[in-house]
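See below for start_10.pdb, which holds PDB, C-alpha atoms.
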ATOM      1  CA  MET A  16      -4.494 -10.845 -51.332
ATOM      2  CA  ALA A  17      -5.595  -9.656 -47.901
ATOM      3  CA  PRO A  18      -5.637 -12.222 -45.106
ATOM      4  CA  LYS A  19      -8.929 -13.329 -43.692
ATOM      5  CA  GLN A  20      -9.857 -11.856 -40.287
ATOM      6  CA  GLY A  21      -9.239 -14.325 -37.495
ATOM      7  CA  SER A  22      -6.849 -16.488 -39.524
ATOM      8  CA  ASN A  23      -3.598 -17.676 -37.975
ATOM      9  CA  ILE A  24      -1.059 -15.530 -39.804
ATOM     10  CA  VAL A  25       2.270 -14.145 -38.727
ATOM     11  CA  CYS A  26       3.161 -10.543 -39.400
ATOM     12  CA  LYS A  27       6.444 -10.319 -41.328
ATOM     13  CA  ASN A  28       6.649  -6.573 -40.870
ATOM     14  CA  THR A  29       7.876  -6.594 -37.249
ATOM     15  CA  ARG A  30       9.637  -3.231 -37.411
ATOM     16  CA  ALA A  31       6.530  -1.275 -38.373
ATOM     17  CA  LYS A  32       4.178   0.479 -35.994
ATOM     18  CA  GLN A  33       1.736  -1.558 -33.929
ATOM     19  CA  ASP A  34      -1.183  -0.670 -36.140
ATOM     20  CA  CYS A  35       0.448  -2.229 -39.207
ATOM     21  CA  CYS A  36      -1.605  -5.390 -38.810
ATOM     22  CA  PRO A  37      -5.097  -4.581 -37.606
ATOM     23  CA  VAL A  38      -6.075  -8.167 -38.379
ATOM     24  CA  LEU A  39      -3.633  -9.448 -35.743
ATOM     25  CA  GLU A  40      -4.110  -6.595 -33.297
ATOM     26  CA  ALA A  41      -7.811  -7.164 -32.543
ATOM     27  CA  PRO A  42      -7.463 -10.801 -31.371
ATOM     28  CA  PHE A  43      -4.355  -9.937 -29.350
ATOM     29  CA  VAL A  44      -6.054  -7.015 -27.589
ATOM     30  CA  THR A  45      -9.130  -9.126 -26.915
ATOM     31  CA  ALA A  46      -7.027 -11.947 -25.439
ATOM     32  CA  PHE A  47      -5.030  -9.486 -23.338
ATOM     33  CA  ARG A  48      -8.194  -7.909 -21.929
ATOM     34  CA  TYR A  49      -9.659 -11.346 -21.219
ATOM     35  CA  TRP A  50      -6.607 -12.543 -19.245
ATOM     36  CA  LYS A  51      -6.259  -9.208 -17.463
ATOM     37  CA  SER A  52      -9.881  -9.423 -16.276
ATOM     38  CA  LYS A  53      -9.368 -13.078 -15.239
ATOM     39  CA  LEU A  54      -6.306 -12.077 -13.195
ATOM     40  CA  LYS A  55      -8.189  -9.230 -11.491
ATOM     41  CA  LYS A  56     -11.105 -11.531 -10.679
ATOM     42  CA  ALA A  57      -8.728 -14.146  -9.255
ATOM     43  CA  LEU A  58      -7.076 -11.551  -7.032
ATOM     44  CA  ILE A  59     -10.400 -10.122  -5.901
ATOM     45  CA  ALA A  60     -11.760 -13.639  -5.261
ATOM     46  CA  ASP A  61      -9.494 -13.762  -2.186
ATOM     47  CA  LEU A  62     -11.524 -10.943  -0.627
ATOM     48  CA  SER A  63     -14.702 -11.647   1.290
ATOM     49  CA  ALA A  64     -17.856  -9.647   0.602
ATOM     50  CA  LYS A  65     -17.199  -7.747   3.841
ATOM     51  CA  ASP A  66     -13.633  -6.944   2.719
ATOM     52  CA  VAL A  67     -14.922  -5.599  -0.593
ATOM     53  CA  GLU A  68     -17.539  -3.522   1.232
ATOM     54  CA  ARG A  69     -14.897  -2.097   3.606
ATOM     55  CA  ALA A  70     -12.540  -1.410   0.709
ATOM     56  CA  ASN A  71     -15.267   0.394  -1.250
ATOM     57  CA  PHE A  72     -16.096   2.506   1.811
ATOM     58  CA  ALA A  73     -12.450   3.441   2.477
ATOM     59  CA  PHE A  74     -11.971   4.155  -1.226
ATOM     60  CA  SER A  75     -15.017   6.446  -1.269
ATOM     61  CA  ILE A  76     -13.604   8.493   1.616
ATOM     62  CA  TYR A  77     -10.547   9.376  -0.488
ATOM     63  CA  ASP A  78     -12.642  10.005  -3.617
ATOM     64  CA  PHE A  79     -12.700  13.725  -2.867
ATOM     65  CA  ASP A  80     -14.439  14.864  -6.053
ATOM     66  CA  GLY A  81     -16.944  11.998  -6.355
ATOM     67  CA  SER A  82     -15.550  10.856  -9.702
ATOM     68  CA  GLY A  83     -15.110   7.224  -8.610
ATOM     69  CA  GLN A  84     -11.335   7.664  -8.639
ATOM     70  CA  ILE A  85      -8.660   8.463  -6.094
ATOM     71  CA  ASP A  86      -5.333  10.130  -6.615
ATOM     72  CA  ALA A  87      -2.609   7.477  -6.477
ATOM     73  CA  ILE A  88      -0.783   9.564  -3.871
ATOM     74  CA  ASN A  89      -3.535   8.460  -1.437
ATOM     75  CA  LEU A  90      -3.111   4.728  -2.115
ATOM     76  CA  GLY A  91      -1.125   4.174   1.081
ATOM     77  CA  ASP A  92      -3.665   6.114   3.149
ATOM     78  CA  VAL A  93      -6.549   4.001   1.848
ATOM     79  CA  LEU A  94      -4.635   0.773   2.500
ATOM     80  CA  ARG A  95      -3.726   1.883   6.019
ATOM     81  CA  ALA A  96      -7.354   2.811   6.667
ATOM     82  CA  LEU A  97      -8.069  -0.874   5.970
ATOM     83  CA  ASN A  98      -5.703  -1.994   8.762
ATOM     84  CA  THR A  99      -2.768  -2.941   6.573
ATOM     85  CA  ASN A 100       0.759  -1.593   6.979
ATOM     86  CA  PRO A 101       2.425  -1.524   3.558
ATOM     87  CA  THR A 102       5.831   0.072   3.277
ATOM     88  CA  LEU A 103       6.369   3.131   1.115
ATOM     89  CA  ALA A 104       8.383   1.006  -1.312
ATOM     90  CA  THR A 105       5.509  -1.484  -1.615
ATOM     91  CA  ILE A 106       3.003   1.294  -2.218
ATOM     92  CA  GLU A 107       5.172   2.779  -4.937
ATOM     93  CA  LYS A 108       5.694  -0.652  -6.530
ATOM     94  CA  LEU A 109       1.924  -1.212  -6.657
ATOM     95  CA  GLY A 110       1.133   2.082  -8.372
ATOM     96  CA  GLY A 111       1.256   4.743  -5.681
ATOM     97  CA  THR A 112       2.839   8.055  -6.587
ATOM     98  CA  LYS A 113       4.766  10.725  -4.712
ATOM     99  CA  LYS A 114       3.183  13.703  -6.457
ATOM    100  CA  LYS A 115      -0.447  14.716  -6.487
ATOM    101  CA  GLY A 116      -2.203  14.495  -9.836
ATOM    102  CA  GLU A 117       0.253  12.117 -11.504
ATOM    103  CA  LYS A 118      -2.156   9.188 -11.678
ATOM    104  CA  LYS A 119      -5.780   8.359 -10.862
ATOM    105  CA  MET A 120      -7.024   4.961  -9.761
ATOM    106  CA  LYS A 121     -10.493   3.388  -9.971
ATOM    107  CA  VAL A 122     -11.906   1.017  -7.382
ATOM    108  CA  ASP A 123     -11.582  -1.981  -9.741
ATOM    109  CA  GLU A 124      -7.848  -1.223  -9.961
ATOM    110  CA  PHE A 125      -7.630  -0.787  -6.200
ATOM    111  CA  LEU A 126      -9.291  -4.064  -5.128
ATOM    112  CA  PRO A 127      -6.552  -6.368  -6.542
ATOM    113  CA  ILE A 128      -3.942  -4.191  -4.835
ATOM    114  CA  PHE A 129      -5.794  -4.457  -1.527
ATOM    115  CA  SER A 130      -6.095  -8.215  -1.967
ATOM    116  CA  GLN A 131      -2.378  -8.530  -2.644
ATOM    117  CA  ILE A 132      -1.429  -6.364   0.356
ATOM    118  CA  LYS A 133      -3.837  -8.256   2.603
ATOM    119  CA  LYS A 134      -2.100 -11.541   1.718
ATOM    120  CA  ASP A 135       1.346 -10.035   2.372
ATOM    121  CA  LYS A 136       2.653 -11.420   5.655
ATOM    122  CA  ASP A 137       5.655  -9.065   5.747
ATOM    123  CA  GLN A 138       3.770  -6.067   7.130
ATOM    124  CA  GLY A 139       4.060  -6.470  10.872
ATOM    125  CA  CYS A 140       1.286  -5.837  13.345
ATOM    126  CA  TYR A 141       0.973  -4.177  16.745
ATOM    127  CA  GLU A 142       2.310  -7.225  18.585
ATOM    128  CA  ASP A 143       5.374  -7.416  16.297
ATOM    129  CA  PHE A 144       6.260  -3.781  16.907
ATOM    130  CA  LEU A 145       5.612  -4.158  20.632
ATOM    131  CA  GLU A 146       8.074  -7.060  20.776
ATOM    132  CA  CYS A 147      10.692  -4.915  19.034
ATOM    133  CA  LEU A 148      10.276  -2.063  21.499
ATOM    134  CA  LYS A 149      10.510  -4.495  24.426
ATOM    135  CA  LEU A 150      14.166  -4.927  23.460
ATOM    136  CA  TYR A 151      14.734  -1.386  24.760
ATOM    137  CA  ASP A 152      12.783  -2.016  27.976
ATOM    138  CA  LYS A 153      15.735  -2.867  30.220
ATOM    139  CA  GLU A 154      13.717  -2.945  33.454
ATOM    140  CA  GLU A 155      10.772  -4.789  31.837
ATOM    141  CA  ASN A 156       8.286  -2.252  33.174
ATOM    142  CA  GLY A 157       6.767  -1.001  29.898
ATOM    143  CA  MET A 158       9.067   2.040  29.752
ATOM    144  CA  MET A 159      11.914   2.976  27.426
ATOM    145  CA  LEU A 160      14.107   6.014  26.980
ATOM    146  CA  SER A 161      12.521   8.640  24.784
ATOM    147  CA  ALA A 162      15.906   9.238  23.137
ATOM    148  CA  GLU A 163      16.151   5.554  22.182
ATOM    149  CA  LEU A 164      12.725   5.641  20.576
ATOM    150  CA  THR A 165      13.606   8.788  18.633
ATOM    151  CA  HIS A 166      16.893   7.223  17.519
ATOM    152  CA  THR A 167      15.070   4.049  16.426
ATOM    153  CA  LEU A 168      12.586   6.043  14.335
ATOM    154  CA  LEU A 169      15.424   7.957  12.684
ATOM    155  CA  SER A 170      17.670   5.022  11.897
ATOM    156  CA  LEU A 171      15.855   1.681  11.534
ATOM    157  CA  GLY A 172      13.478   0.301   8.910
ATOM    158  CA  GLU A 173      11.932   2.925   6.673
ATOM    159  CA  LYS A 174      13.832   5.831   8.097
ATOM    160  CA  LEU A 175      11.907   8.974   9.004
ATOM    161  CA  ASP A 176      13.399  12.442   8.761
ATOM    162  CA  ASP A 177      13.723  14.817  11.735
ATOM    163  CA  ALA A 178      10.520  16.723  10.923
ATOM    164  CA  GLN A 179       8.472  13.510  10.687
ATOM    165  CA  VAL A 180       9.870  12.219  13.993
ATOM    166  CA  ASP A 181       9.202  15.566  15.707
ATOM    167  CA  GLU A 182       5.582  15.496  14.503
ATOM    168  CA  LEU A 183       5.141  11.875  15.587
ATOM    169  CA  VAL A 184       6.615  12.557  19.024
ATOM    170  CA  LYS A 185       4.464  15.656  19.483
ATOM    171  CA  ASP A 186       1.245  13.896  18.462
ATOM    172  CA  CYS A 187       1.679  10.420  19.939
ATOM    173  CA  MET A 188       4.223  10.350  22.745
ATOM    174  CA  ASP A 189       3.249  10.714  26.398
ATOM    175  CA  PRO A 190       5.377  13.136  28.450
ATOM    176  CA  GLU A 191       8.720  11.849  29.678
ATOM    177  CA  ASP A 192       9.216  11.105  33.352
ATOM    178  CA  ASP A 193      12.077  12.690  35.331
ATOM    179  CA  ASP A 194      14.557  10.102  34.034
ATOM    180  CA  GLY A 195      13.602  10.526  30.342
ATOM    181  CA  PHE A 196      11.481   7.371  30.086
ATOM    182  CA  ILE A 197       8.142   7.042  28.301
ATOM    183  CA  PRO A 198       5.566   4.230  28.197
ATOM    184  CA  TYR A 199       5.995   2.702  24.734
ATOM    185  CA  ALA A 200       2.756   0.680  24.455
ATOM    186  CA  PRO A 201       0.432   3.752  24.451
ATOM    187  CA  PHE A 202       2.759   5.436  21.932
ATOM    188  CA  LEU A 203       2.554   2.412  19.666
ATOM    189  CA  LYS A 204      -1.247   2.243  19.977
ATOM    190  CA  LYS A 205      -1.565   5.909  18.941
ATOM    191  CA  VAL A 206       0.765   5.386  15.982
ATOM    192  CA  MET A 207      -1.011   2.234  14.787
ATOM    193  CA  VAL A 208      -4.511   3.782  14.839
TER     194      VAL A 208
END
Starting from the file, lay out its structure as structure tokens.
Amino acid sequence: MAPKQGSNIVCKNTRAKQDCCPVLEAPFVTAFRYWKSKLKKALIADLSAKDVERANFAFSIYDFDGSGQIDAINLGDVLRALNTNPTLATIEKLGGTKKKGEKKMKVDEFLPIFSQIKKDKDQGCYEDFLECLKLYDKEENGMMLSAELTHTLLSLGEKLDDAQVDELVKDCMDPEDDDGFIPYAPFLKKVMV
């Protein structure tokens, strides 16, 4: 005798494939989709209408082919365009990839990620980084040794490799003075833009 659809039965054939009990599968899938949508809505509810508008705009910039999706390799770029500073580890944990074409992401998948990152207080802002660089400002005149900055970028936090540091120095650092000092606040402003 076949069980009635929607009845509360327990499948005794637990080692079989998932589709062994279509009667059980449909309610489970429906419940899963319901709670997943509730969770997404709860996460998105933390965003204001302006935040959602900004997120949609930033997302559309990285939607290169107009398909309504971005490559997950660009997740960090979109989040940084929205004035957040997630670490590479955080981006990877939230679905970002290291290789192009591995995964695509729709805007409704992106919004909960943006909401979560926006709530994260661990990111650090301009003022936090400025305070850190002031530790190297021995004369308290807004200058630090260029070599110290390079060493800091190579060894602390999310370490950069030599090529990344060279590119950053070339693009963002003002010329050194005769003693090897640079103004660190303008450097930081250029990096944070």
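CA of Gly83 (chain A) lies 6.2 Å from CA of Lys121 (chain A).
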- Message: Set the distance at 12 Å and use only C-alpha atoms: which residues neighbour Leu109 (chain A) once local chain neighbours fewer than 2 positions away are removed? I'd like the list as a PyMOL selection string.
- Response: chain A and resi 87-88+90-91+94+101-107+111-112+120+124-132
- What gap, in Å, lies between CA of Asp152 (chain A) and CA of Phe196 (chain A)?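 Between these atoms lies a distance of 9.7 Å.
CA of Lys108 (chain A) lies 15.1 Å from CA of Asp92 (chain A).
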- Apply the PyMOL selection byres ((chain A and resi 162) around 12) to the displayed file and report the matching residues as JSON, numbers by chain. {"A": [151, 158, 159, 160, 161, 163, 164, 165, 166, 167, 168, 169, 180, 181, 184, 188, 191, 194, 195, 196, 197, 199]}
- Task: Between A:Asp189, A:Cys147, A:Glu68, A:Lys113, single out the one closest to Leu171 (chain A), counting only C-alpha atoms.
- Result: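 Closest candidate: A:Cys147.
When the PyMOL selection byres ((chain A and resi 66) around 12) is evaluated against the file, it yields Ile59, Ala60, Asp61, Leu62, Ser63, Ala64, Lys65, Val67, Glu68, Arg69, Ala70, Asn71, Phe72, Ala73, Phe74, Leu94, Leu97, Asn98, Leu126, Pro127, Phe129, Ser130 and Lys133 of chain A.
Distance check against Leu203 (chain A) using all atoms listed in the file: of A:Leu145, A:Asp123, A:Gln84, A:Glu154, the minimum falls on A:Leu145.
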- Message: Between A:Asp80, A:Pro198, A:Gly172, A:Thr99, which residue has the minimum interatomic distance to Tyr141 (chain A), considering only C-alpha atoms?
- Response: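 Ranked by minimum distance to Tyr141 (chain A), first place goes to A:Thr99.
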- Can you give me, as an MDAnalysis selection string, the residues this file yields under the PyMOL selection byres ((chain A and resi 207) around 12)? chainID A and resid 95:100 139:145 183 187 200:206 208
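Counting all atoms listed in the file, the residue from A:Gly157, A:Gly110, A:Gly116, A:Pro190 that sits nearest to Asp86 (chain A) is A:Gly116.
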Enclosing box along x, y and z for every listed atom of region 122-131 of chain A, padded 5 Å each side, centre and size in Å, one decimal, as JSON:
{"center_x": -7.1, "center_y": -3.8, "center_z": -5.7, "size_x": 19.5, "size_y": 19.5, "size_z": 18.4}
